[in-house]
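**Student:** See run.tsv below, with TSV, C-alpha atoms and all ligand atoms.
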```
chain	number	residue	atom	x	y	z
A	40	MET	CA	210.98	88.87	136.34
A	41	ALA	CA	214.24	88.25	134.46
A	42	ASP	CA	216.97	86.18	136.11
A	43	CYS	CA	219.62	88.57	134.77
A	44	VAL	CA	219.66	92.15	133.52
A	45	VAL	CA	222.65	93.11	131.37
A	46	VAL	CA	223.32	96.86	130.99
A	47	GLY	CA	224.77	97.61	127.52
A	48	ALA	CA	224.09	95.92	124.19
A	49	GLY	CA	227.59	96.20	122.75
A	50	LEU	CA	229.39	93.02	121.78
A	51	ILE	CA	230.40	92.39	125.39
A	52	GLY	CA	226.86	92.71	126.75
A	53	MET	CA	225.39	90.55	123.97
A	54	LEU	CA	228.09	87.85	124.19
A	55	THR	CA	227.56	87.75	127.97
A	56	ALA	CA	223.79	87.51	127.51
A	57	GLN	CA	224.31	84.65	125.08
A	58	GLU	CA	226.35	82.68	127.63
A	59	LEU	CA	223.79	83.30	130.38
A	60	ALA	CA	220.87	82.32	128.13
A	61	ALA	CA	222.74	79.12	127.20
A	62	ARG	CA	222.68	78.24	130.92
A	63	GLY	CA	218.89	78.45	130.88
A	64	MET	CA	218.59	81.93	132.37
A	65	GLN	CA	215.97	84.49	131.36
A	66	VAL	CA	217.96	87.55	130.26
A	67	THR	CA	216.97	91.16	129.56
A	68	ILE	CA	219.43	93.65	128.04
A	69	LEU	CA	219.02	97.39	128.59
A	70	GLU	CA	220.57	99.60	125.92
A	71	ARG	CA	220.72	103.38	126.18
A	72	GLY	CA	220.66	103.85	122.39
A	73	GLN	CA	220.57	101.16	119.70
A	74	PRO	CA	222.40	97.81	120.08
A	75	ALA	CA	226.07	97.78	119.03
A	76	ARG	CA	226.30	101.31	117.66
A	77	GLU	CA	229.22	102.38	119.83
A	78	SER	CA	232.72	100.90	120.02
A	79	SER	CA	231.51	97.48	118.87
A	80	TRP	CA	230.37	99.03	115.58
A	81	ALA	CA	233.36	101.37	115.21
A	82	GLY	CA	236.05	98.71	115.68
A	83	GLY	CA	238.04	96.87	113.05
A	84	GLY	CA	237.32	93.24	113.90
A	85	ILE	CA	240.92	91.98	113.92
A	86	LEU	CA	240.92	88.82	116.02
A	87	SER	CA	244.27	89.50	117.61
A	88	PRO	CA	245.86	92.25	119.64
A	89	LEU	CA	248.25	94.35	117.53
A	90	TYR	CA	251.85	93.30	118.37
A	91	PRO	CA	250.36	90.61	120.65
A	92	TRP	CA	253.63	89.96	122.54
A	93	ARG	CA	253.53	93.52	123.95
A	94	TYR	CA	250.48	92.71	126.10
A	95	PRO	CA	250.53	91.06	129.53
A	96	ASP	CA	249.81	87.33	129.68
A	97	PRO	CA	246.20	87.73	130.92
A	98	VAL	CA	245.34	89.43	127.60
A	99	SER	CA	247.05	86.69	125.57
A	100	GLU	CA	245.24	83.97	127.58
A	101	LEU	CA	241.85	85.48	126.68
A	102	ALA	CA	242.82	86.08	123.06
A	103	ARG	CA	244.02	82.51	122.54
A	104	TRP	CA	240.81	81.12	124.08
A	105	SER	CA	238.58	83.25	121.85
A	106	GLN	CA	240.62	82.61	118.70
A	107	ARG	CA	239.99	78.89	119.06
A	108	TYR	CA	236.28	79.47	119.69
A	109	TYR	CA	235.52	82.00	116.93
A	110	PRO	CA	235.09	79.73	113.86
A	111	ASP	CA	232.40	77.65	115.62
A	112	LEU	CA	230.75	80.71	117.11
A	113	CYS	CA	230.42	82.41	113.71
A	114	GLN	CA	229.16	79.26	112.02
A	115	ARG	CA	226.52	78.78	114.72
A	116	LEU	CA	225.45	82.43	114.64
A	117	GLU	CA	225.10	82.35	110.87
A	118	GLY	CA	223.03	79.16	111.12
A	119	GLU	CA	220.71	80.68	113.72
A	120	SER	CA	220.40	84.21	112.34
A	121	GLY	CA	221.02	83.91	108.60
A	122	ILE	CA	223.65	86.69	108.92
A	123	ASP	CA	227.25	85.77	108.13
A	124	PRO	CA	229.78	87.54	110.41
A	125	GLN	CA	232.39	86.85	107.69
A	126	TRP	CA	235.07	85.20	109.82
A	127	THR	CA	238.04	85.31	107.41
A	128	LEU	CA	241.55	83.97	107.84
A	129	SER	CA	243.38	86.98	106.41
A	130	GLY	CA	246.61	86.56	108.39
A	131	LEU	CA	248.49	89.48	109.91
A	132	LEU	CA	251.70	90.97	108.47
A	133	ILE	CA	253.60	93.16	110.94
A	134	ALA	CA	256.17	95.24	109.10
A	135	ASP	CA	258.19	96.89	111.85
A	136	VAL	CA	259.17	94.44	114.57
A	137	GLU	CA	262.09	95.73	116.61
A	138	ASP	CA	261.49	93.49	119.62
A	139	ARG	CA	262.03	90.13	117.93
A	140	ASP	CA	263.19	88.40	121.11
A	141	ALA	CA	260.02	89.33	122.97
A	142	ALA	CA	257.95	88.14	120.00
A	143	GLN	CA	259.79	84.83	119.95
A	144	ARG	CA	259.29	84.30	123.71
A	145	TRP	CA	255.56	84.93	123.27
A	146	VAL	CA	255.41	82.43	120.38
A	147	THR	CA	257.00	79.76	122.57
A	148	ARG	CA	254.82	80.54	125.57
A	149	PHE	CA	251.49	80.58	123.73
A	150	GLY	CA	252.17	78.14	120.91
A	151	ALA	CA	251.39	80.78	118.27
A	152	HIS	CA	252.41	80.41	114.64
A	153	LEU	CA	254.80	83.18	113.53
A	154	GLU	CA	257.17	83.23	110.55
A	155	TRP	CA	259.91	85.79	109.97
A	156	LEU	CA	259.98	87.09	106.40
A	157	ASP	CA	262.28	89.41	104.51
A	158	GLY	CA	260.82	92.36	102.59
A	159	VAL	CA	260.70	90.51	99.27
A	160	SER	CA	258.76	87.55	100.69
A	161	ALA	CA	256.40	89.99	102.40
A	162	GLN	CA	255.70	91.66	99.05
A	163	GLN	CA	254.99	88.28	97.52
A	164	LEU	CA	252.30	87.78	100.15
A	165	GLU	CA	250.92	91.30	99.77
A	166	PRO	CA	251.95	92.55	96.32
A	167	ARG	CA	250.65	96.09	96.78
A	168	LEU	CA	252.71	96.71	99.90
A	169	GLY	CA	254.47	100.05	99.49
A	170	LEU	CA	257.31	99.30	101.89
A	171	ILE	CA	260.19	96.89	101.65
A	172	PRO	CA	260.76	96.31	105.35
A	173	GLU	CA	263.87	94.54	106.62
A	174	SER	CA	262.05	92.09	108.81
A	175	VAL	CA	258.38	91.19	108.86
A	176	ALA	CA	256.43	89.00	111.28
A	177	TRP	CA	253.79	86.91	109.51
A	178	LEU	CA	251.02	85.43	111.64
A	179	PRO	CA	248.96	83.27	109.28
A	180	GLU	CA	246.48	82.17	111.99
A	181	VAL	CA	245.08	85.66	112.60
A	182	ALA	CA	241.50	86.06	111.37
A	183	GLN	CA	239.02	88.93	111.26
A	184	VAL	CA	235.26	89.34	111.47
A	185	ARG	CA	233.01	92.12	110.24
A	186	ASN	CA	232.11	93.34	113.68
A	187	PRO	CA	228.86	95.13	112.72
A	188	ARG	CA	227.66	91.90	111.09
A	189	LEU	CA	228.77	89.85	114.09
A	190	ALA	CA	226.71	92.14	116.31
A	191	GLN	CA	223.65	91.88	114.05
A	192	SER	CA	223.86	88.11	113.96
A	193	LEU	CA	224.19	88.02	117.76
A	194	ARG	CA	221.22	90.30	118.18
A	195	VAL	CA	218.95	88.20	115.96
A	196	THR	CA	220.15	84.97	117.62
A	197	LEU	CA	219.50	86.37	121.10
A	198	GLU	CA	216.02	87.55	120.17
A	199	ASN	CA	215.24	84.16	118.62
A	200	ARG	CA	216.22	82.56	121.89
A	201	GLY	CA	213.93	84.77	123.94
A	202	VAL	CA	216.40	87.36	125.22
A	203	GLU	CA	214.67	90.74	125.43
A	204	ILE	CA	216.74	93.67	124.15
A	205	ARG	CA	215.27	97.02	125.18
A	206	SER	CA	216.64	99.88	123.07
A	207	GLN	CA	216.42	103.53	124.22
A	208	SER	CA	216.40	102.25	127.77
A	209	PRO	CA	219.25	103.79	129.79
A	210	ALA	CA	220.13	102.46	133.23
A	211	GLN	CA	220.16	105.48	135.53
A	212	GLY	CA	220.90	104.05	138.96
A	213	TRP	CA	220.50	101.19	141.36
A	214	LYS	CA	218.10	100.28	144.13
A	215	ILE	CA	220.33	98.57	146.68
A	216	GLU	CA	219.10	96.89	149.86
A	217	ALA	CA	221.08	94.78	152.33
A	218	GLY	CA	224.13	94.51	150.08
A	219	ARG	CA	222.19	93.39	147.01
A	220	VAL	CA	220.82	95.18	143.96
A	221	LYS	CA	217.04	94.86	144.02
A	222	ALA	CA	216.41	96.78	140.79
A	223	VAL	CA	217.96	98.98	138.14
A	224	ARG	CA	216.30	102.33	137.49
A	225	THR	CA	215.33	103.39	133.97
A	226	PRO	CA	213.21	106.42	132.96
A	227	GLU	CA	210.16	104.17	132.62
A	228	ALA	CA	210.48	101.68	135.45
A	229	GLU	CA	212.52	99.93	138.08
A	230	ILE	CA	213.52	96.55	136.70
A	231	SER	CA	214.08	93.74	139.18
A	232	ALA	CA	216.19	90.63	138.66
A	233	ASP	CA	218.31	88.13	140.58
A	234	TYR	CA	221.56	89.28	138.94
A	235	PHE	CA	222.78	92.46	137.21
A	236	ILE	CA	225.73	92.73	134.82
A	237	VAL	CA	227.31	96.05	133.82
A	238	ALA	CA	228.74	95.78	130.30
A	239	SER	CA	228.53	99.45	129.42
A	240	GLY	CA	231.86	99.92	127.65
A	241	ALA	CA	233.45	103.35	128.12
A	242	TRP	CA	230.48	104.42	130.29
A	243	THR	CA	230.98	101.70	132.92
A	244	THR	CA	232.87	103.81	135.50
A	245	GLY	CA	230.10	106.42	135.72
A	246	LEU	CA	227.39	103.82	136.12
A	247	LEU	CA	229.17	102.15	139.02
A	248	GLU	CA	230.18	105.26	140.96
A	249	SER	CA	227.00	105.28	143.08
A	250	THR	CA	227.85	101.71	144.19
A	251	GLY	CA	231.09	102.96	145.79
A	252	LEU	CA	233.31	101.39	143.11
A	253	THR	CA	235.69	103.49	141.01
A	254	LEU	CA	237.18	101.45	138.19
A	255	PRO	CA	239.94	102.82	135.93
A	256	ILE	CA	237.94	102.56	132.69
A	257	GLU	CA	238.03	105.66	130.50
A	258	PRO	CA	237.02	106.54	126.93
A	259	VAL	CA	239.80	106.45	124.33
A	260	ARG	CA	238.78	107.76	120.92
A	261	GLY	CA	239.72	105.85	117.79
A	262	GLN	CA	239.16	107.20	114.27
A	263	MET	CA	239.00	105.02	111.15
A	264	ILE	CA	238.63	105.60	107.43
A	265	LEU	CA	237.11	103.28	104.85
A	266	PHE	CA	238.14	102.94	101.21
A	267	LYS	CA	236.15	101.16	98.53
A	268	GLY	CA	238.38	99.32	96.13
A	269	PRO	CA	237.97	96.29	93.90
A	270	PRO	CA	237.87	92.95	95.78
A	271	GLY	CA	241.38	91.54	96.15
A	272	LEU	CA	243.20	94.90	96.01
A	273	VAL	CA	244.55	94.04	99.48
A	274	SER	CA	244.36	90.57	100.96
A	275	ARG	CA	246.26	90.57	104.30
A	276	ILE	CA	245.76	92.58	107.46
A	277	THR	CA	248.93	94.67	107.48
A	278	LEU	CA	250.38	96.65	110.37
A	279	TYR	CA	253.11	99.26	110.35
A	280	LYS	CA	254.02	101.82	113.04
A	281	GLY	CA	250.81	101.11	114.94
A	282	ARG	CA	248.52	101.69	111.93
A	283	TYR	CA	246.81	98.92	109.98
A	284	VAL	CA	244.79	98.10	106.88
A	285	ILE	CA	242.03	95.51	107.01
A	286	PRO	CA	240.72	94.16	103.70
A	287	ARG	CA	237.07	93.06	103.64
A	288	ARG	CA	235.81	90.43	101.19
A	289	ASP	CA	233.84	92.93	99.10
A	290	GLY	CA	236.80	95.27	98.44
A	291	HIS	CA	236.26	97.68	101.33
A	292	VAL	CA	239.53	98.47	103.12
A	293	LEU	CA	239.55	99.89	106.63
A	294	VAL	CA	242.49	101.95	107.82
A	295	GLY	CA	242.93	102.64	111.52
A	296	SER	CA	243.29	103.94	113.98
A	297	THR	CA	244.01	106.95	116.14
A	298	LEU	CA	244.41	106.68	119.92
A	299	GLU	CA	243.15	109.88	121.58
A	300	TYR	CA	242.43	110.71	125.22
A	301	VAL	CA	239.76	113.39	124.71
A	302	GLY	CA	237.02	112.27	127.10
A	303	PHE	CA	233.58	111.43	125.71
A	304	GLU	CA	234.18	113.53	122.54
A	305	LYS	CA	233.24	111.34	119.56
A	306	GLN	CA	233.72	113.81	116.70
A	307	THR	CA	236.06	112.96	113.82
A	308	THR	CA	238.81	115.50	113.03
A	309	GLN	CA	240.64	116.77	109.93
A	310	GLN	CA	243.93	115.89	111.62
A	311	GLY	CA	242.75	112.30	112.14
A	312	LEU	CA	241.72	112.07	108.50
A	313	GLN	CA	245.09	113.38	107.26
A	314	ASP	CA	247.08	111.06	109.54
A	315	LEU	CA	245.12	108.00	108.52
A	316	LYS	CA	245.39	108.85	104.81
A	317	GLN	CA	249.13	109.24	105.16
A	318	SER	CA	249.45	105.85	106.87
A	319	ALA	CA	247.21	104.23	104.27
A	320	PHE	CA	249.23	105.53	101.31
A	321	GLU	CA	252.53	104.60	102.95
A	322	LEU	CA	251.33	101.03	103.48
A	323	ILE	CA	249.37	100.53	100.24
A	324	PRO	CA	250.11	103.34	97.72
A	325	ASP	CA	247.37	102.09	95.35
A	326	LEU	CA	244.76	103.16	97.90
A	327	ALA	CA	245.40	106.75	96.78
A	328	ALA	CA	243.37	106.00	93.65
A	329	GLN	CA	240.38	104.65	95.61
A	330	PRO	CA	237.57	106.74	97.12
A	331	ILE	CA	237.23	107.21	100.88
A	332	VAL	CA	233.61	106.35	101.56
A	333	GLN	CA	233.42	106.81	105.32
A	334	HIS	CA	235.30	108.33	108.27
A	335	TRP	CA	234.17	107.66	111.84
A	336	ALA	CA	235.21	107.57	115.47
A	337	GLY	CA	234.38	105.33	118.41
A	338	LEU	CA	235.11	105.37	122.13
A	339	ARG	CA	237.07	102.37	123.33
A	340	PRO	CA	236.65	101.31	126.95
A	341	GLY	CA	240.27	102.03	127.92
A	342	SER	CA	241.84	100.15	130.85
A	343	PRO	CA	245.35	99.84	132.33
A	344	ASP	CA	247.40	97.37	130.23
A	345	GLY	CA	244.26	96.53	128.25
A	346	ILE	CA	243.22	93.87	130.78
A	347	PRO	CA	239.41	93.70	131.04
A	348	MET	CA	237.58	93.80	134.36
A	349	THR	CA	235.41	90.74	134.59
A	350	GLY	CA	233.77	89.36	137.71
A	351	PRO	CA	231.70	90.23	140.76
A	352	HIS	CA	231.45	93.65	142.36
A	353	PRO	CA	233.63	93.53	145.50
A	354	GLU	CA	230.78	94.47	147.85
A	355	ILE	CA	227.46	93.85	146.14
A	356	ALA	CA	226.79	90.15	145.91
A	357	ASN	CA	224.57	90.00	142.82
A	358	LEU	CA	226.22	92.74	140.73
A	359	PHE	CA	228.79	91.74	138.10
A	360	ILE	CA	231.02	93.66	135.68
A	361	ASN	CA	232.35	92.83	132.23
A	362	ALA	CA	234.09	95.87	130.75
A	363	GLY	CA	237.40	97.58	129.98
A	364	HIS	CA	238.37	95.54	126.89
A	365	PHE	CA	240.10	98.59	125.41
A	366	ARG	CA	241.54	97.89	121.93
A	367	ASN	CA	240.63	94.20	121.90
A	368	GLY	CA	236.99	93.69	122.82
A	369	VAL	CA	236.10	91.85	119.63
A	370	VAL	CA	238.81	89.25	120.12
A	371	LEU	CA	238.62	89.04	123.92
A	372	GLY	CA	234.81	89.19	124.18
A	373	PRO	CA	233.89	85.50	123.85
A	374	ALA	CA	236.43	84.51	126.52
A	375	THR	CA	235.35	87.13	129.08
A	376	ALA	CA	231.66	86.37	128.42
A	377	ARG	CA	232.33	82.71	129.23
A	378	LEU	CA	234.38	83.64	132.29
A	379	LEU	CA	231.69	85.95	133.62
A	380	ALA	CA	228.90	83.43	133.08
A	381	ASP	CA	230.96	80.69	134.77
A	382	GLN	CA	231.54	82.90	137.81
A	383	LEU	CA	227.91	83.95	138.03
A	384	SER	CA	226.57	80.40	137.70
A	385	GLY	CA	229.15	78.87	140.05
A	386	ARG	CA	230.91	76.75	137.42
A	387	SER	CA	234.64	76.30	137.53
A	388	PRO	CA	236.04	78.61	134.79
A	389	ASP	CA	238.47	77.46	132.07
A	390	LEU	CA	240.71	80.45	132.77
A	391	ASP	CA	242.03	81.73	136.09
A	392	PRO	CA	239.69	84.64	137.01
A	393	GLN	CA	242.17	86.39	139.34
A	394	PRO	CA	243.83	88.85	136.89
A	395	TYR	CA	240.44	90.19	135.80
A	396	LEU	CA	238.63	90.52	139.15
A	397	PRO	CA	237.35	94.08	139.65
A	398	GLU	CA	238.48	94.01	143.31
A	399	ASN	CA	242.08	93.70	142.10
A	400	ARG	CA	241.75	96.54	139.62
A	401	LEU	CA	240.50	99.48	141.66
A	402	LYS	CA	241.53	102.94	140.57
A	403	SER	CA	244.47	104.03	142.71
A	404	GLU	CA	244.10	107.33	144.55
A	405	PRO	CA	246.69	110.00	143.68
A	406	CYS	CA	249.35	110.33	146.45
B	1	LIG	C1	238.60	102.47	115.99
B	1	LIG	C2	238.51	101.20	116.78
B	1	LIG	C3	239.11	100.04	116.29
B	1	LIG	C4	239.00	98.84	117.00
B	1	LIG	N1	239.50	97.70	116.46
B	1	LIG	C5	239.38	96.52	117.11
B	1	LIG	C6	239.84	95.31	116.55
B	1	LIG	O1	240.31	95.30	115.40
B	1	LIG	N2	239.75	94.16	117.28
B	1	LIG	C7	239.23	94.15	118.53
B	1	LIG	O2	239.20	93.08	119.15
B	1	LIG	N3	238.74	95.28	119.09
B	1	LIG	C8	238.81	96.45	118.42
B	1	LIG	N4	238.34	97.61	118.98
B	1	LIG	C9	237.87	97.59	120.38
B	1	LIG	C10	236.47	97.04	120.50
B	1	LIG	O3	235.66	97.64	119.54
B	1	LIG	C11	235.95	97.30	121.92
B	1	LIG	O4	236.85	96.81	122.89
B	1	LIG	C12	234.60	96.61	122.15
B	1	LIG	O5	233.72	96.90	121.10
B	1	LIG	C13	234.00	97.02	123.47
B	1	LIG	O6	232.70	96.48	123.53
B	1	LIG	P1	231.70	96.92	124.67
B	1	LIG	O7	230.46	96.15	124.46
B	1	LIG	O8	232.38	96.85	125.98
B	1	LIG	O9	231.48	98.48	124.42
B	1	LIG	P2	230.48	99.24	123.42
B	1	LIG	O10	230.44	98.61	122.11
B	1	LIG	O11	230.82	100.68	123.49
B	1	LIG	O12	229.08	98.97	124.07
B	1	LIG	C14	228.68	99.54	125.31
B	1	LIG	C15	227.18	99.75	125.21
B	1	LIG	O13	226.67	100.15	126.49
B	1	LIG	C16	225.66	101.12	126.25
B	1	LIG	N5	225.47	101.89	127.49
B	1	LIG	C17	226.35	102.75	128.07
B	1	LIG	N6	225.80	103.26	129.19
B	1	LIG	C18	224.55	102.73	129.31
B	1	LIG	C19	223.50	102.87	130.26
B	1	LIG	N7	223.62	103.69	131.31
B	1	LIG	N8	222.36	102.16	130.07
B	1	LIG	C20	222.22	101.33	129.02
B	1	LIG	N9	223.19	101.16	128.07
B	1	LIG	C21	224.35	101.84	128.23
B	1	LIG	C22	226.21	101.95	125.10
B	1	LIG	O14	225.19	102.69	124.46
B	1	LIG	C23	226.82	100.86	124.22
B	1	LIG	O15	225.90	100.35	123.28
B	1	LIG	C24	238.35	98.81	118.28
B	1	LIG	C25	237.74	99.97	118.74
B	1	LIG	C26	237.80	101.15	118.00
B	1	LIG	C27	237.09	102.37	118.52
```
Just dump the structure as structure tokens.
Ligand SMILES: Cc1cc2nc3c(=O)[nH]c(=O)nc-3n(C[C@H](O)[C@H](O)[C@H](O)COP(=O)(O)OP(=O)(O)OC[C@H]3O[C@@H](n4cnc5c(N)ncnc54)[C@H](O)[C@@H]3O)c2cc1C
**Tutor:**
Amino acid sequence: MADCVVVGAGLIGMLTAQELAARGMQVTILERGQPARESSWAGGGILSPLYPWRYPDPVSELARWSQRYYPDLCQRLEGESGIDPQWTLSGLLIADVEDRDAAQRWVTRFGAHLEWLDGVSAQQLEPRLGLIPESVAWLPEVAQVRNPRLAQSLRVTLENRGVEIRSQSPAQGWKIEAGRVKAVRTPEAEISADYFIVASGAWTTGLLESTGLTLPIEPVRGQMILFKGPPGLVSRITLYKGRYVIPRRDGHVLVGSTLEYVGFEKQTTQQGLQDLKQSAFELIPDLAAQPIVQHWAGLRPGSPDGIPMTGPHPEIANLFINAGHFRNGVVLGPATARLLADQLSGRSPDLDPQPYLPENRLKSEPC
């Protein structure tokens, strides 16, 4: 019997499994489809919230923790799996900052590195920038990873360490006795364990409903397009009016993303394509000469204020939740995985768990 069963093999489930396995626990992950083919594949891999000062402090606390941890994590994963997640210090140029005072307060509070540039200096940093903005925030410490590669390297590392990942194995319900989960039901079997962790992304709310818990996590569609240009065409992550370009090392350039409340509908749309192309050409006009090689959509696990829900179920002693990372699961994931594993194993966490506890985040009933 496993010590822990994690439901969901997205980045959050796999990072959590990694922390639990590092504490000597026997971990099994149940995945409804294939590992990391949902939001964790569809995302952009920017290791910072966009306009980070517009988020509440609990999001910044997690982001700062993970940002410090990421270089070591990627180096270790590459060493153990042979797959390089391509952690790259691209820096982030933000070309439309109207709330400079708020940005400056956030810099002071979190010790972040931010420089204010004029349009000409911004174009020196990113010569193909199509805009000459009045005022640009430059955050040179912001890095990115290739999230699909990060997920692959995690998967191989987990399997090498004896974590079992069962694909095509959906959790369908819980067997609960005397205030504890005895087993999780799948089409093939009931799987018993000492602890259960729900890390099911946008699908978390539905899976917990039968336990009497209604969390405010909902799917939020994001579409992206991918250009293939020559390496070096773009070199900085650049953000303008909520849209961004992310340059990969091999010349691919991602442009994202839409933010759509359309339920579990994962189709791409013509409107999404047109909007993203327009943003891309406004930011980097030279992209108009490059082919678009892919267009996709993913379902983010949306949550109020983007604060994840991490911690024990309020009423079921051995059931835990790690979900609701919304637009920032790649950057916040290592910190919430550590927090969850600390809580489960009774260690004193580095970060204050209070803002993330599911019991403090219940969905409010309409008046
Ligand atoms: C377009 C877009 C751009 C993004 N850009 C960034 C970015 O630049 N930086 C950043 O930090 N974040 C970004 N994100 C957000 C980030 O991708 C997510 O927050 C993160 O991937 C969430 O991870 P997750 O593991 O919770 O969810 P998911 O990756 O969706 O994984 C959940 C898993 O649970 C499985 N599952 C669901 N129900 C069951 C069940 N009943 N039984 C078994 N398995 C189940 C699913 O199949 C899935 O594999 C972006 C997201 C999108 C869509």
**Student:** To one decimal place, how far is atom CA of A:Gln57 from atom CA of A:Tyr109 in Å?
**Tutor:**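 It comes out at 14.1 Å.
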**Student:** Would you kindly return, as a list of chain:residue names, each protein, DNA or RNA residue with an atom no farther than 9 Å from any atom of stretch 66-69 of chain A, considering only C-alpha atoms and excluding same-chain residues fewer than 4 positions away?
**Tutor:** A:Ala41, A:Asp42, A:Cys43, A:Val44, A:Val45, A:Val46, A:Gly47, A:Ala48, A:Gly52, A:Met53, A:Ala56, A:Gln57, A:Leu59, A:Ala60, A:Gly201, A:Val202, A:Glu203, A:Ile204, A:Arg205, A:Ser206, A:Gln207, A:Ser208, A:Pro209, A:Ala210, A:Thr225
**Student:** Measuring atom to atom with all atoms listed in the file, identify which of A:Thr375, A:Thr308, A:Gln73, A:Thr127 is nearest to ligand LIG 1 (chain B).
**Tutor:** A:Gln73
**Student:** Give me the chain A side of the contact with ligand LIG 1 (chain B), cut-off 7 Å, one line per residue showing its nearest atom pair and distance in Å at one decimal, counting all atoms listed in the file, sorted by chain and residue number, as a tab-separated table.
**Tutor:**
```
residue	atom	partner	partner_atom	distance
A:Val46	CA	B:LIG1	C20	5.0
A:Gly47	CA	B:LIG1	O13	3.3
A:Ala48	CA	B:LIG1	O15	4.9
A:Gly49	CA	B:LIG1	O7	3.3
A:Leu50	CA	B:LIG1	O7	4.3
A:Ile51	CA	B:LIG1	O7	3.9
A:Gly52	CA	B:LIG1	O7	5.5
A:Leu69	CA	B:LIG1	C20	5.1
A:Glu70	CA	B:LIG1	N9	3.7
A:Arg71	CA	B:LIG1	C20	3.8
A:Gly72	CA	B:LIG1	O14	5.1
A:Gln73	CA	B:LIG1	O15	6.5
A:Pro74	CA	B:LIG1	O15	5.4
A:Ala75	CA	B:LIG1	O15	5.0
A:Arg76	CA	B:LIG1	O15	5.7
A:Glu77	CA	B:LIG1	O11	4.3
A:Ser78	CA	B:LIG1	O10	3.8
A:Ser79	CA	B:LIG1	O5	3.2
A:Trp80	CA	B:LIG1	O10	6.5
A:Ala81	CA	B:LIG1	C27	5.1
A:Gly82	CA	B:LIG1	C4	3.2
A:Gly83	CA	B:LIG1	O1	3.6
A:Gly84	CA	B:LIG1	O1	3.9
A:Ile85	CA	B:LIG1	O1	3.7
A:Leu86	CA	B:LIG1	O2	5.6
A:Ser87	CA	B:LIG1	O2	6.4
A:Pro88	CA	B:LIG1	O2	6.7
A:Ser208	CA	B:LIG1	C20	6.0
A:Pro209	CA	B:LIG1	N8	3.5
A:Ala210	CA	B:LIG1	N8	3.9
A:Gln211	CA	B:LIG1	N7	5.7
A:Ala238	CA	B:LIG1	O8	5.7
A:Ser239	CA	B:LIG1	O13	3.5
A:Gly240	CA	B:LIG1	O8	3.5
A:Ala241	CA	B:LIG1	O11	6.0
A:Trp242	CA	B:LIG1	N6	4.9
A:Thr243	CA	B:LIG1	N6	6.6
A:Leu246	CA	B:LIG1	N7	6.1
A:Arg260	CA	B:LIG1	C27	6.1
A:Gly261	CA	B:LIG1	C1	4.0
A:Gln262	CA	B:LIG1	C1	5.1
A:Met263	CA	B:LIG1	C1	5.5
A:Gly295	CA	B:LIG1	C1	6.2
A:Ser296	CA	B:LIG1	C1	5.3
A:Ala336	CA	B:LIG1	C1	6.1
A:Gly337	CA	B:LIG1	C27	4.0
A:Leu338	CA	B:LIG1	C27	5.1
A:Arg339	CA	B:LIG1	C27	4.8
A:Pro340	CA	B:LIG1	O4	6.1
A:Ala362	CA	B:LIG1	O8	5.2
A:Gly363	CA	B:LIG1	O8	6.5
A:His364	CA	B:LIG1	O4	4.5
A:Phe365	CA	B:LIG1	O4	4.5
A:Arg366	CA	B:LIG1	C9	4.0
A:Asn367	CA	B:LIG1	O2	3.3
A:Gly368	CA	B:LIG1	O4	3.1
A:Val369	CA	B:LIG1	O2	3.4
A:Val370	CA	B:LIG1	O2	4.0
A:Leu371	CA	B:LIG1	O2	6.3
```
**Student:** What gap, in Å, lies between atom CA of A:Tyr395 and atom CA of A:Pro97?
**Tutor:**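 If I compute the distance from atom CA of A:Tyr395 to atom CA of A:Pro97, I get 7.9 Å.
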**Student:** For atom CA of A:Ser384 and atom CA of A:Thr349, quote the distance in Å rounded to one decimal.
**Tutor:**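 Going from atom CA of A:Ser384 over to atom CA of A:Thr349 covers 14.0 Å.
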**Student:** Just checking: using only C-alpha atoms, which residue out of A:Pro179, A:Pro397, A:Gly350, A:Gly63 ends up closest to A:Arg200?
**Tutor:** A:Gly63
**Student:** Please identify all polymer residues within 9 Å of A:Ile171, counting only C-alpha atoms, omitting same-chain residues fewer than 2 positions from it, and present them as a list of chain:residue names.
**Tutor:** A:Ala134, A:Asp157, A:Gly158, A:Val159, A:Ala161, A:Gln162, A:Leu168, A:Gly169, A:Glu173, A:Ser174
